[in-house]
Structure formats: structure tokens, C-alpha cells
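To be precise, the following lines are run_17.pdb, and they hold PDB, C-alpha atoms, pLDDT in the B column.
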ATOM      1  CA  MET A   1       0.000   0.000   0.000  1.00 39.00           C
ATOM      2  CA  GLY A   2       1.499   3.341  -1.040  1.00 40.00           C
ATOM      3  CA  ARG A   3       2.150   6.060   1.440  1.00 36.00           C
ATOM      4  CA  PRO A   4       0.126   9.247   0.850  1.00 36.00           C
ATOM      5  CA  GLN A   5       2.117  12.426   0.467  1.00 36.00           C
ATOM      6  CA  GLY A   6       1.301  15.801   1.986  1.00 37.00           C
ATOM      7  CA  SER A   7      -0.093  16.858   5.277  1.00 33.00           C
ATOM      8  CA  ILE A   8      -3.029  15.348   7.085  1.00 33.00           C
ATOM      9  CA  ILE A   9      -4.459  18.714   7.930  1.00 31.00           C
ATOM     10  CA  THR A  10      -3.445  22.087   6.503  1.00 29.00           C
ATOM     11  CA  GLY A  11      -4.473  25.678   7.039  1.00 31.00           C
ATOM     12  CA  ASP A  12      -4.120  28.309   9.713  1.00 34.00           C
ATOM     13  CA  VAL A  13      -3.477  27.172  13.268  1.00 32.00           C
ATOM     14  CA  GLY A  14      -7.026  27.700  14.567  1.00 29.00           C
ATOM     15  CA  LYS A  15      -8.562  25.761  11.709  1.00 33.00           C
ATOM     16  CA  LEU A  16      -5.892  23.102  12.107  1.00 36.00           C
ATOM     17  CA  VAL A  17      -6.653  22.505  15.774  1.00 33.00           C
ATOM     18  CA  LEU A  18     -10.437  22.535  15.286  1.00 34.00           C
ATOM     19  CA  LYS A  19     -10.249  19.994  12.474  1.00 39.00           C
ATOM     20  CA  ALA A  20      -7.925  17.760  14.502  1.00 38.00           C
ATOM     21  CA  VAL A  21     -10.296  17.845  17.473  1.00 35.00           C
ATOM     22  CA  ALA A  22     -13.230  17.120  15.178  1.00 38.00           C
ATOM     23  CA  VAL A  23     -11.451  14.108  13.693  1.00 43.00           C
ATOM     24  CA  ALA A  24     -10.460  12.823  17.147  1.00 41.00           C
ATOM     25  CA  GLY A  25     -14.033  13.147  18.390  1.00 38.00           C
ATOM     26  CA  VAL A  26     -15.405  11.183  15.462  1.00 38.00           C
ATOM     27  CA  LEU A  27     -12.688   8.569  15.898  1.00 40.00           C
ATOM     28  CA  ALA A  28     -13.696   8.140  19.535  1.00 39.00           C
ATOM     29  CA  VAL A  29     -17.331   7.614  18.551  1.00 37.00           C
ATOM     30  CA  VAL A  30     -16.392   5.046  15.920  1.00 43.00           C
ATOM     31  CA  MET A  31     -14.237   3.150  18.429  1.00 43.00           C
ATOM     32  CA  VAL A  32     -17.143   2.962  20.898  1.00 41.00           C
ATOM     33  CA  ALA A  33     -19.946   2.496  18.376  1.00 43.00           C
ATOM     34  CA  PRO A  34     -18.544   1.070  15.124  1.00 45.00           C
ATOM     35  CA  ASN A  35     -21.906   1.366  13.343  1.00 45.00           C
ATOM     36  CA  CYS A  36     -21.534   5.146  13.553  1.00 42.00           C
ATOM     37  CA  ALA A  37     -18.902   4.911  10.816  1.00 46.00           C
ATOM     38  CA  GLN A  38     -21.713   5.200   8.274  1.00 45.00           C
ATOM     39  CA  LEU A  39     -22.317   8.747   9.548  1.00 44.00           C
ATOM     40  CA  LEU A  40     -18.803   9.793   8.548  1.00 44.00           C
ATOM     41  CA  LYS A  41     -19.885  10.479   4.986  1.00 46.00           C
ATOM     42  CA  TYR A  42     -21.892  13.391   6.392  1.00 48.00           C
ATOM     43  CA  ALA A  43     -19.203  14.577   8.842  1.00 48.00           C
ATOM     44  CA  LEU A  44     -16.136  14.697   6.569  1.00 49.00           C
ATOM     45  CA  PRO A  45     -15.603  15.956   3.042  1.00 53.00           C
ATOM     46  CA  ARG A  46     -16.034  13.208   0.489  1.00 49.00           C
ATOM     47  CA  LYS A  47     -12.454  13.467  -0.764  1.00 52.00           C
ATOM     48  CA  SER A  48     -10.899  13.726   2.692  1.00 57.00           C
ATOM     49  CA  ARG A  49      -7.484  12.087   2.785  1.00 59.00           C
ATOM     50  CA  ARG A  50      -7.300  12.290   6.584  1.00 59.00           C
ATOM     51  CA  TRP A  51      -9.158   9.028   7.155  1.00 61.00           C
ATOM     52  CA  TYR A  52      -7.219   7.288   4.447  1.00 65.00           C
ATOM     53  CA  TYR A  53      -3.910   8.401   5.938  1.00 65.00           C
ATOM     54  CA  ILE A  54      -4.828   7.480   9.521  1.00 68.00           C
ATOM     55  CA  ASN A  55      -6.110   4.088   8.423  1.00 73.00           C
ATOM     56  CA  THR A  56      -3.001   3.558   6.279  1.00 79.00           C
ATOM     57  CA  VAL A  57      -0.652   4.111   9.214  1.00 79.00           C
ATOM     58  CA  VAL A  58      -2.644   1.828  11.530  1.00 80.00           C
ATOM     59  CA  GLN A  59      -2.922  -0.823   8.802  1.00 85.00           C
ATOM     60  CA  ARG A  60       0.826  -0.578   8.113  1.00 83.00           C
ATOM     61  CA  CYS A  61       1.500  -1.238  11.813  1.00 85.00           C
ATOM     62  CA  ILE A  62      -0.897  -4.214  11.717  1.00 88.00           C
ATOM     63  CA  ASP A  63       0.716  -5.568   8.528  1.00 89.00           C
ATOM     64  CA  ARG A  64       4.167  -5.290  10.100  1.00 87.00           C
ATOM     65  CA  GLY A  65       2.901  -7.173  13.154  1.00 89.00           C
ATOM     66  CA  LEU A  66       3.336  -4.197  15.499  1.00 85.00           C
ATOM     67  CA  LEU A  67      -0.374  -3.864  16.316  1.00 85.00           C
ATOM     68  CA  GLU A  68      -3.313  -6.241  16.305  1.00 86.00           C
ATOM     69  CA  LYS A  69      -7.048  -5.650  16.066  1.00 84.00           C
ATOM     70  CA  LYS A  70      -9.314  -7.407  18.527  1.00 82.00           C
ATOM     71  CA  GLU A  71     -12.999  -7.318  19.340  1.00 83.00           C
ATOM     72  CA  GLN A  72     -13.741  -6.382  22.930  1.00 79.00           C
ATOM     73  CA  LYS A  73     -17.181  -6.912  24.460  1.00 81.00           C
ATOM     74  CA  GLY A  74     -19.074  -3.699  25.019  1.00 80.00           C
ATOM     75  CA  VAL A  75     -16.428  -1.587  23.274  1.00 73.00           C
ATOM     76  CA  GLY A  76     -16.033  -2.909  19.751  1.00 79.00           C
ATOM     77  CA  THR A  77     -12.767  -3.095  17.847  1.00 77.00           C
ATOM     78  CA  VAL A  78      -9.637  -2.129  19.766  1.00 77.00           C
ATOM     79  CA  VAL A  79      -6.019  -1.985  18.643  1.00 79.00           C
ATOM     80  CA  ARG A  80      -3.359  -3.479  20.893  1.00 82.00           C
ATOM     81  CA  LEU A  81       0.425  -3.567  20.828  1.00 84.00           C
ATOM     82  CA  THR A  82       1.920  -6.969  19.919  1.00 87.00           C
ATOM     83  CA  ALA A  83       5.118  -8.453  21.327  1.00 89.00           C
ATOM     84  CA  LYS A  84       6.913  -7.268  18.186  1.00 89.00           C
ATOM     85  CA  GLY A  85       5.514  -3.757  18.722  1.00 85.00           C
ATOM     86  CA  LYS A  86       6.635  -3.791  22.353  1.00 85.00           C
ATOM     87  CA  ASN A  87      10.090  -4.891  21.218  1.00 85.00           C
ATOM     88  CA  LEU A  88      10.301  -2.044  18.706  1.00 84.00           C
ATOM     89  CA  LEU A  89       9.245   0.434  21.387  1.00 82.00           C
ATOM     90  CA  ALA A  90      11.951  -0.956  23.672  1.00 81.00           C
ATOM     91  CA  GLN A  91      14.522  -0.347  20.918  1.00 80.00           C
ATOM     92  CA  TYR A  92      13.410   3.279  20.665  1.00 78.00           C
ATOM     93  CA  GLU A  93      13.536   3.576  24.449  1.00 76.00           C
ATOM     94  CA  LEU A  94      17.088   2.257  24.581  1.00 66.00           C
ATOM     95  CA  GLY A  95      18.147   4.667  21.865  1.00 68.00           C
ATOM     96  CA  SER A  96      19.089   1.978  19.364  1.00 71.00           C
ATOM     97  CA  ARG A  97      16.380   3.311  17.016  1.00 76.00           C
ATOM     98  CA  VAL A  98      15.666   6.895  16.051  1.00 82.00           C
ATOM     99  CA  ILE A  99      13.160   8.715  13.876  1.00 89.00           C
ATOM    100  CA  GLN A 100      14.528   8.461  10.352  1.00 88.00           C
ATOM    101  CA  LYS A 101      15.941  11.702   8.952  1.00 90.00           C
ATOM    102  CA  PRO A 102      15.210  11.936   5.213  1.00 93.00           C
ATOM    103  CA  LYS A 103      17.773  13.273   2.750  1.00 92.00           C
ATOM    104  CA  LYS A 104      15.677  16.406   2.289  1.00 94.00           C
ATOM    105  CA  TRP A 105      13.249  17.962   4.793  1.00 95.00           C
ATOM    106  CA  ASP A 106       9.701  18.223   3.387  1.00 95.00           C
ATOM    107  CA  LYS A 107       9.222  21.589   5.189  1.00 95.00           C
ATOM    108  CA  LYS A 108       6.418  20.200   7.352  1.00 96.00           C
ATOM    109  CA  TYR A 109       6.233  19.945  11.098  1.00 97.00           C
ATOM    110  CA  ARG A 110       4.759  17.010  13.008  1.00 97.00           C
ATOM    111  CA  ILE A 111       2.934  18.342  16.054  1.00 97.00           C
ATOM    112  CA  ILE A 112       1.866  16.199  18.980  1.00 96.00           C
ATOM    113  CA  ILE A 113      -0.854  17.612  21.224  1.00 96.00           C
ATOM    114  CA  PHE A 114      -2.007  15.699  24.276  1.00 95.00           C
ATOM    115  CA  ASP A 115      -4.456  16.210  27.105  1.00 94.00           C
ATOM    116  CA  ILE A 116      -3.911  13.538  29.732  1.00 94.00           C
ATOM    117  CA  LYS A 117      -5.782  14.021  33.000  1.00 93.00           C
ATOM    118  CA  GLU A 118      -4.004  14.628  36.312  1.00 92.00           C
ATOM    119  CA  LYS A 119      -5.002  11.199  37.643  1.00 94.00           C
ATOM    120  CA  ARG A 120      -2.796   9.711  34.870  1.00 94.00           C
ATOM    121  CA  ARG A 121       0.160  11.947  35.640  1.00 94.00           C
ATOM    122  CA  THR A 122       2.702   9.101  35.481  1.00 94.00           C
ATOM    123  CA  THR A 123       1.554   8.287  31.935  1.00 93.00           C
ATOM    124  CA  ARG A 124       1.780  11.960  30.978  1.00 94.00           C
ATOM    125  CA  ASP A 125       5.300  12.245  32.424  1.00 93.00           C
ATOM    126  CA  ALA A 126       6.392   9.019  30.723  1.00 92.00           C
ATOM    127  CA  LEU A 127       5.094  10.325  27.380  1.00 94.00           C
ATOM    128  CA  ARG A 128       7.086  13.543  27.829  1.00 94.00           C
ATOM    129  CA  ILE A 129      10.226  11.491  28.498  1.00 91.00           C
ATOM    130  CA  TRP A 130       9.573   9.476  25.333  1.00 91.00           C
ATOM    131  CA  LEU A 131       9.053  12.588  23.223  1.00 94.00           C
ATOM    132  CA  THR A 132      12.267  14.138  24.543  1.00 93.00           C
ATOM    133  CA  ARG A 133      14.199  10.926  23.828  1.00 90.00           C
ATOM    134  CA  LEU A 134      12.798  10.818  20.285  1.00 91.00           C
ATOM    135  CA  GLY A 135      14.067  14.332  19.619  1.00 93.00           C
ATOM    136  CA  PHE A 136      10.849  16.340  19.909  1.00 96.00           C
ATOM    137  CA  ILE A 137      10.976  19.934  21.115  1.00 96.00           C
ATOM    138  CA  ARG A 138       8.333  21.285  23.474  1.00 96.00           C
ATOM    139  CA  LEU A 139       6.394  24.297  22.141  1.00 95.00           C
ATOM    140  CA  GLN A 140       4.062  24.480  25.132  1.00 92.00           C
ATOM    141  CA  GLN A 141       3.323  22.243  28.123  1.00 89.00           C
ATOM    142  CA  SER A 142       1.496  19.558  26.113  1.00 93.00           C
ATOM    143  CA  VAL A 143       2.455  20.574  22.566  1.00 96.00           C
ATOM    144  CA  TRP A 144       5.559  19.042  21.006  1.00 97.00           C
ATOM    145  CA  VAL A 145       7.053  19.277  17.513  1.00 97.00           C
ATOM    146  CA  HIS A 146       9.353  17.260  15.252  1.00 97.00           C
ATOM    147  CA  PRO A 147      10.305  17.955  11.623  1.00 97.00           C
ATOM    148  CA  TYR A 148      10.223  14.392  10.288  1.00 96.00           C
ATOM    149  CA  GLU A 149       7.553  11.765   9.662  1.00 94.00           C
ATOM    150  CA  CYS A 150       6.944   9.840  12.878  1.00 93.00           C
ATOM    151  CA  GLN A 151       3.294   8.820  12.901  1.00 91.00           C
ATOM    152  CA  GLU A 152       4.133   5.131  13.151  1.00 88.00           C
ATOM    153  CA  ILE A 153       6.020   5.511  16.456  1.00 90.00           C
ATOM    154  CA  ILE A 154       3.290   7.818  17.811  1.00 92.00           C
ATOM    155  CA  THR A 155       0.710   5.150  16.928  1.00 89.00           C
ATOM    156  CA  LEU A 156       2.774   2.613  18.891  1.00 88.00           C
ATOM    157  CA  LEU A 157       3.012   4.976  21.873  1.00 90.00           C
ATOM    158  CA  LYS A 158      -0.775   5.497  21.794  1.00 90.00           C
ATOM    159  CA  ALA A 159      -1.293   1.750  21.951  1.00 87.00           C
ATOM    160  CA  HIS A 160       1.386   1.246  24.606  1.00 87.00           C
ATOM    161  CA  PHE A 161       0.053   3.916  26.980  1.00 89.00           C
ATOM    162  CA  HIS A 162      -3.642   3.411  26.058  1.00 88.00           C
ATOM    163  CA  ILE A 163      -3.992   7.100  25.168  1.00 91.00           C
ATOM    164  CA  GLY A 164      -5.545   6.935  21.709  1.00 86.00           C
ATOM    165  CA  LYS A 165      -8.142   9.604  22.441  1.00 87.00           C
ATOM    166  CA  GLU A 166      -5.889  11.881  24.477  1.00 92.00           C
ATOM    167  CA  ILE A 167      -3.177  12.504  21.872  1.00 93.00           C
ATOM    168  CA  LEU A 168      -3.366  14.097  18.432  1.00 93.00           C
ATOM    169  CA  TYR A 169      -0.832  13.915  15.611  1.00 94.00           C
ATOM    170  CA  ILE A 170      -0.915  16.914  13.277  1.00 95.00           C
ATOM    171  CA  THR A 171       1.126  17.702  10.194  1.00 95.00           C
ATOM    172  CA  ALA A 172       1.515  21.452   9.664  1.00 95.00           C
ATOM    173  CA  ASP A 173       2.987  23.419   6.785  1.00 95.00           C
ATOM    174  CA  SER A 174       4.307  26.162   9.041  1.00 94.00           C
ATOM    175  CA  ILE A 175       4.677  27.394  12.596  1.00 95.00           C
ATOM    176  CA  GLU A 176       4.781  31.098  13.320  1.00 94.00           C
ATOM    177  CA  ASN A 177       8.255  32.415  14.251  1.00 93.00           C
ATOM    178  CA  ASP A 178       9.879  29.027  13.599  1.00 94.00           C
ATOM    179  CA  ARG A 179      13.425  30.269  13.066  1.00 94.00           C
ATOM    180  CA  TRP A 180      14.532  28.975  16.484  1.00 95.00           C
ATOM    181  CA  LEU A 181      12.971  25.569  15.693  1.00 95.00           C
ATOM    182  CA  LYS A 182      14.843  25.322  12.411  1.00 95.00           C
ATOM    183  CA  GLU A 183      18.056  26.136  14.226  1.00 95.00           C
ATOM    184  CA  SER A 184      17.311  23.620  16.994  1.00 95.00           C
ATOM    185  CA  PHE A 185      16.658  20.870  14.445  1.00 94.00           C
ATOM    186  CA  ASP A 186      19.601  22.028  12.288  1.00 92.00           C
ATOM    187  CA  LEU A 187      17.291  22.757   9.341  1.00 92.00           C
ATOM    188  CA  ALA A 188      18.348  26.377   8.679  1.00 69.00           C
TER
END
Could you rewrite the structure in this file as C-alpha cells?
Amino acid sequence: MGRPQGSIITGDVGKLVLKAVAVAGVLAVVMVAPNCAQLLKYALPRKSRRWYYINTVVQRCIDRGLLEKKEQKGVGTVVRLTAKGKNLLAQYELGSRVIQKPKKWDKKYRIIIFDIKEKRRTTRDALRIWLTRLGFIRLQQSVWVHPYECQEIITLLKAHFHIGKEILYITADSIENDRWLKESFDLA
């Protein structure tokens, strides 16, 4: 299956965040009530590539044996980390794997936004440690950025920490006043 090019969501920052939240909300409904998927044709533009891209990444992880789909009573279909996925995460944790740096930067930022409740503080802190180790830079308390494609590892982290609804992955064409980011990532 080919990998789609371009960003998942584009546009100004406000529009970007609203669309991401809208997508996450619909995803949560579909996870809880799979029959609601039929309503998506009314909620998203017909030619939306967002769903295709999200499904492609999850399916790629399933095909590689990193994730598995299972039916869970009362919930529907859930995605879980496999032993192979846990092993890959351990490699990232130990620093023997890194996010691949392409020959040429595509001039897009990958933004991770999360909202993990205080009662799950240890999970939130562990996620921050992971993001730091992977080379992300913190823009705000729960907003992190990286210049290279990394949705696959973020999908694994979502499954590992059981935070699928609390974390969003956004691809953005620009970030205001990003000169310091380019310098930090050695892109300038």
C-alpha cells in the first residue's frame, strides 16, 4: 500500500486545531460504536485524505505485526500492541532506534498535542520522556514538535500507553516564528 504524500491537515493554526479535534471526536465515537462509521460520509468531506492516511498508518503497523485488532465486548474493535511492537518500542527507548531523517526535509512539522488528565500523571510524564528521547521539542506544556515523519512511532506509543483519544498527531505546513525551531533541528 502506497504512502500518501502531503499533510493530514493544513491551514491556519485555529482551523488546524479545530479539524484535529473534530477528527479525534469522530474517531472516539467510531471506536465505541462502530456502526456510527456510516455517519462519517456526512461529517467529513467526500475526498478527505485524513481518514485514508490514519487508516493507512494503523494498517501498516498491523501488517508489520506491530499492532493487532481485537474485538472487545461492550467496546467494539480495539487496537493493541503486539510483542513485536513492544520490542520495537523498547529499541526506541534504549536509543538503538531513532526517527529516520530523510535526505531532504519536506518543510512540514509534526505536532503532537495531548491532554492527559491529572489522575494519569505518570503516563503523561512518561510520554514527555519518550518525546524528549525521540528528539521532539516542546512548544508548550502539552504541545511538542518534530520535523520528520513519525506517525508510526506515535501510533505505537498510543497503543502502549492506552492514550488513543488523548493525543493528536498533526502535520503542519508552518509554525509562526519558527526560526529557532529550524536552528534547533539544524534545518536552517
Between atom CA of Ser142 of chain A and atom CA of Asn55 of chain A, what is the distance in Å, rounded to a tenth?
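Computing the Euclidean distance for atom CA of Ser142 of chain A and atom CA of Asn55 of chain A yields 24.7 Å.
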On this structure, which residues satisfy the PyMOL selection byres ((chain A and resi 88) around 12), written as a PDB file with C-alpha atoms, keeping the file's coordinate frame?
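This went into result.pdb:
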ATOM      1  CA  CYS A  61       1.500  -1.238  11.813  1.00 85.00           C
ATOM      2  CA  ARG A  64       4.167  -5.290  10.100  1.00 87.00           C
ATOM      3  CA  GLY A  65       2.901  -7.173  13.154  1.00 89.00           C
ATOM      4  CA  LEU A  66       3.336  -4.197  15.499  1.00 85.00           C
ATOM      5  CA  LEU A  67      -0.374  -3.864  16.316  1.00 85.00           C
ATOM      6  CA  LEU A  81       0.425  -3.567  20.828  1.00 84.00           C
ATOM      7  CA  THR A  82       1.920  -6.969  19.919  1.00 87.00           C
ATOM      8  CA  ALA A  83       5.118  -8.453  21.327  1.00 89.00           C
ATOM      9  CA  LYS A  84       6.913  -7.268  18.186  1.00 89.00           C
ATOM     10  CA  GLY A  85       5.514  -3.757  18.722  1.00 85.00           C
ATOM     11  CA  LYS A  86       6.635  -3.791  22.353  1.00 85.00           C
ATOM     12  CA  ASN A  87      10.090  -4.891  21.218  1.00 85.00           C
ATOM     13  CA  LEU A  89       9.245   0.434  21.387  1.00 82.00           C
ATOM     14  CA  ALA A  90      11.951  -0.956  23.672  1.00 81.00           C
ATOM     15  CA  GLN A  91      14.522  -0.347  20.918  1.00 80.00           C
ATOM     16  CA  TYR A  92      13.410   3.279  20.665  1.00 78.00           C
ATOM     17  CA  GLU A  93      13.536   3.576  24.449  1.00 76.00           C
ATOM     18  CA  LEU A  94      17.088   2.257  24.581  1.00 66.00           C
ATOM     19  CA  GLY A  95      18.147   4.667  21.865  1.00 68.00           C
ATOM     20  CA  SER A  96      19.089   1.978  19.364  1.00 71.00           C
ATOM     21  CA  ARG A  97      16.380   3.311  17.016  1.00 76.00           C
ATOM     22  CA  VAL A  98      15.666   6.895  16.051  1.00 82.00           C
ATOM     23  CA  GLU A 152       4.133   5.131  13.151  1.00 88.00           C
ATOM     24  CA  ILE A 153       6.020   5.511  16.456  1.00 90.00           C
ATOM     25  CA  LEU A 156       2.774   2.613  18.891  1.00 88.00           C
ATOM     26  CA  LEU A 157       3.012   4.976  21.873  1.00 90.00           C
ATOM     27  CA  HIS A 160       1.386   1.246  24.606  1.00 87.00           C
TER      28      HIS A 160
END
Just how far from atom CA of Tyr169 of chain A is atom CA of Thr77 of chain A, in Å to one decimal?
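These atoms are spaced 20.9 Å apart.
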In terms of the shortest atom-to-atom distance over all atoms listed in the file, which of A:Gln100, A:Thr171, A:Ala159, A:Phe136 is closest to Lys69 of chain A?
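The shortest atom-to-atom distance to Lys69 of chain A comes from A:Ala159.
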For Val78 of chain A, the nearest of the candidates A:Leu139, A:Ile175, A:Val58, A:Leu187, counting only C-alpha atoms
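Answer, going by the shortest atom-to-atom distance: A:Val58.
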Computed interatomic separation between atom CA of Leu127 of chain A and atom CA of Phe161 of chain A (Å):
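So the answer is 8.2 Å.
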Asp106 of chain A surroundings by all atoms listed in the file, 12 Å radius, close-in-sequence under 4 positions cut, as a PyMOL selection string:
chain A and resi 5-7+101-102+110+146-149+171-174+187
Distance criterion (only C-alpha atoms): nearest to Val79 of chain A out of A:Arg124, A:Ile129, A:Leu134, A:Ile163
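Once distances to Val79 of chain A are computed over only C-alpha atoms, the minimum belongs to A:Ile163.
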Nearest to Ser184 of chain A, chosen from A:Gly135, A:Lys117, A:Lys107, A:Ile99, with only C-alpha atoms counted in the distances
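Distance minimum relative to Ser184 of chain A lands on A:Gly135.
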Env of Ile116 of chain A: 12 Å cut, atoms = only C-alpha atoms, seq-sep filter 6 positions within chain, self excluded. Answer as an MDAnalysis selection string.
chainID A and resid 122:128 141:143 158 161:168
